[in-house]
Amino acid sequence: APVQAGKDRTETGRTLSGNYLAGRHAQVQRDLSAAADFLGAALKQTPDAPGLLHRTFILLTVEGRIKEAEVLARRLIKANPKMTIAHLVLAATDIKQGRFAAAQKRFGKIPEKSIGGFAAPVLRAWSLVGQKKSKAALKLLAAKPKEKAAKVLHLMHRALINEMLGRNDLAEKHYLAVNKGPNGGSLRVVQLLGELYERTARPEKARTLYQNYLKDKPGSQLLDVALKRLKAGRPPGLKVFSVSAGAAEAFFSIASSLRRQNAQEMALALGRLALYLKPNFPVMQILMGDILETANRLEPALEAYSSISPTSAFSWPARLRVPSLLNRLDRTDEAVGHLN
């Protein structure tokens, strides 16, 4: 059974100064959910404070409280039309609700030199797919950006869109091109291409792909589930394609990049948008747990690891991290039980 983290709702105060100070204290204590509650209460008492509005919005997004963040995002954009993270939150909610034309328009407003700028064309492409304009989406991604990371991202999503359209040869070609890029041997690409091989009755190609990855990263357990499938002769289930899932992959890519750059808060914010669009997303869930654990936010990290499906390739490494977190939270008996 999943290990439960504490989720008690915060009781806010009556005064502006009390709520504000309590919110600041909660941030210092790394209880960001309580901080969002207190600062949100303070914001109601002084709705025109721009710094408070911005900070409350960021905290709500980082905590995955996207519906509440959406309301504040609209207010922020009125004050600052170029605020990228607010546009990303609103565009994500548009995609979630199937408003693909609105999402496309909003992604087009994101400045090129911003946290989401390099991924904006990919997100626009998925918005076009949602409007049944796959040809236009692929044409948009065929443009070659200057940055290597953006080129790789475009190739990855050309592969995903082609696979969605049943063009498996083109999907394979683009996945292989990604693996030859600066992030060659990417686990995510190996997983996606390997599953494509398995689903199209090419198990030996999948096996070779997995074994080559393990030669570079011996001891990795993240392909154990795939190797067991191959041994049993059971291909993965039918892939469920959606615009939300495609956009979630793009948000995961931004979050991963920000994590490597040590921009932890923005990595969490974009990661939350990925999980908002695709809640069962193990590669993002384990990244989320890792970021939270690094920030010493142990309860939310525990929740992230425990939310991963037991059938996922990431289940075992996540389960191995849970006892360590429980022990650090002085829940030693639970940790021992978990290990047993």
# chains A, B, ... in the order shown; residues from 1 in each chain; ligands from 1
$ residues_around --residues "A:Gly98" --least-positions-apart "5" --cutoff "9 Å" --atoms "only C-alpha atoms" --output "list in words"
Thr93, Ala103, Gly130, Val243 and Ser244 of chain A
$ write_last_selection --atoms "N, CA and C atoms" --output "compact mmCIF listing (two decimals), in the first residue's frame"
# COMPACT_ATOMS: atom_id res chain seq x y z
N THR A 93 -3.90 24.63 -18.61
CA THR A 93 -5.32 24.44 -18.29
C THR A 93 -6.16 24.44 -19.56
N ALA A 103 -4.81 27.51 -26.40
CA ALA A 103 -3.47 27.11 -25.93
C ALA A 103 -2.41 27.51 -26.95
N GLY A 130 -4.05 18.88 -31.52
CA GLY A 130 -5.38 18.88 -30.90
C GLY A 130 -6.45 19.46 -31.81
N VAL A 243 -3.09 14.68 -26.63
CA VAL A 243 -2.40 15.97 -26.66
C VAL A 243 -1.86 16.30 -25.27
N SER A 244 -2.65 15.99 -24.25
CA SER A 244 -2.21 16.25 -22.87
C SER A 244 -0.92 15.51 -22.56
$ select_by_dssp --residues "stretch 98-312 of chain A" --states "helix (DSSP H, G or I)" --output "number ranges by chain"
A: 100-107, 117-130, 134-142, 148-164, 168-179, 187-199, 203-216, 224-232, 243-260, 264-277, 282-294, 298-306
$ residues_around --residues "stretch 325-337 of chain A" --least-positions-apart "2" --cutoff "12 Å" --atoms "only C-alpha atoms" --output "ChimeraX atom specification"
/A:1-6,289-290,292-294,296-306,318-323,339-340
$ closest_residue --among "A:Asp31, A:Glu172, A:Ser242, A:Met83" --to "A:Gln131" --atoms "only C-alpha atoms"
A:Ser242
$ closest_residue --among "A:Val89, A:Leu43, A:Ala150, A:Leu187" --to "A:Thr61" --atoms "only C-alpha atoms"
A:Val89
$ residues_around --residues "stretch 211-216 of chain A" --least-positions-apart "3" --cutoff "9 Å" --atoms "only C-alpha atoms" --output "list in words"
Gly185, Ser186, Leu187, Val190, Ala206, Arg207, Thr208, Gly219, Ser220 and Leu223 of chain A
$ closest_atom_pairs --of "stretch 217-266 of chain A" --to "stretch 270-274 of chain A" --cutoff "7 Å" --atoms "only C-alpha atoms" --output "JSON lines"
{"residue": "A:Ala248", "atom": "CA", "partner": "A:Ala274", "partner_atom": "CA", "distance": 4.2}
{"residue": "A:Glu249", "atom": "CA", "partner": "A:Ala274", "partner_atom": "CA", "distance": 7.0}
{"residue": "A:Phe251", "atom": "CA", "partner": "A:Ala274", "partner_atom": "CA", "distance": 5.2}
{"residue": "A:Phe252", "atom": "CA", "partner": "A:Ala274", "partner_atom": "CA", "distance": 5.9}
{"residue": "A:Ile254", "atom": "CA", "partner": "A:Leu270", "partner_atom": "CA", "distance": 6.9}
{"residue": "A:Ala255", "atom": "CA", "partner": "A:Leu270", "partner_atom": "CA", "distance": 5.4}
{"residue": "A:Met266", "atom": "CA", "partner": "A:Leu270", "partner_atom": "CA", "distance": 6.2}
$ closest_residue --among "A:Leu176, A:Ala69, A:Leu16, A:Leu287" --to "A:Ala49" --atoms "only C-alpha atoms"
A:Leu16
$ residues_around --residues "A:Phe314" --least-positions-apart "2" --cutoff "7 Å" --atoms "only C-alpha atoms" --output "list of chain:residue names"
A:Leu222, A:Pro282, A:Val283, A:Ser312, A:Trp316, A:Pro317, A:Ala318
$ atom_distance --atom1 "atom CA of A:Lys132" --atom2 "atom CA of A:Leu165"
11.0 Å
$ atom_distance --atom1 "atom CA of A:Val240" --atom2 "atom CA of A:Ala159"
15.0 Å
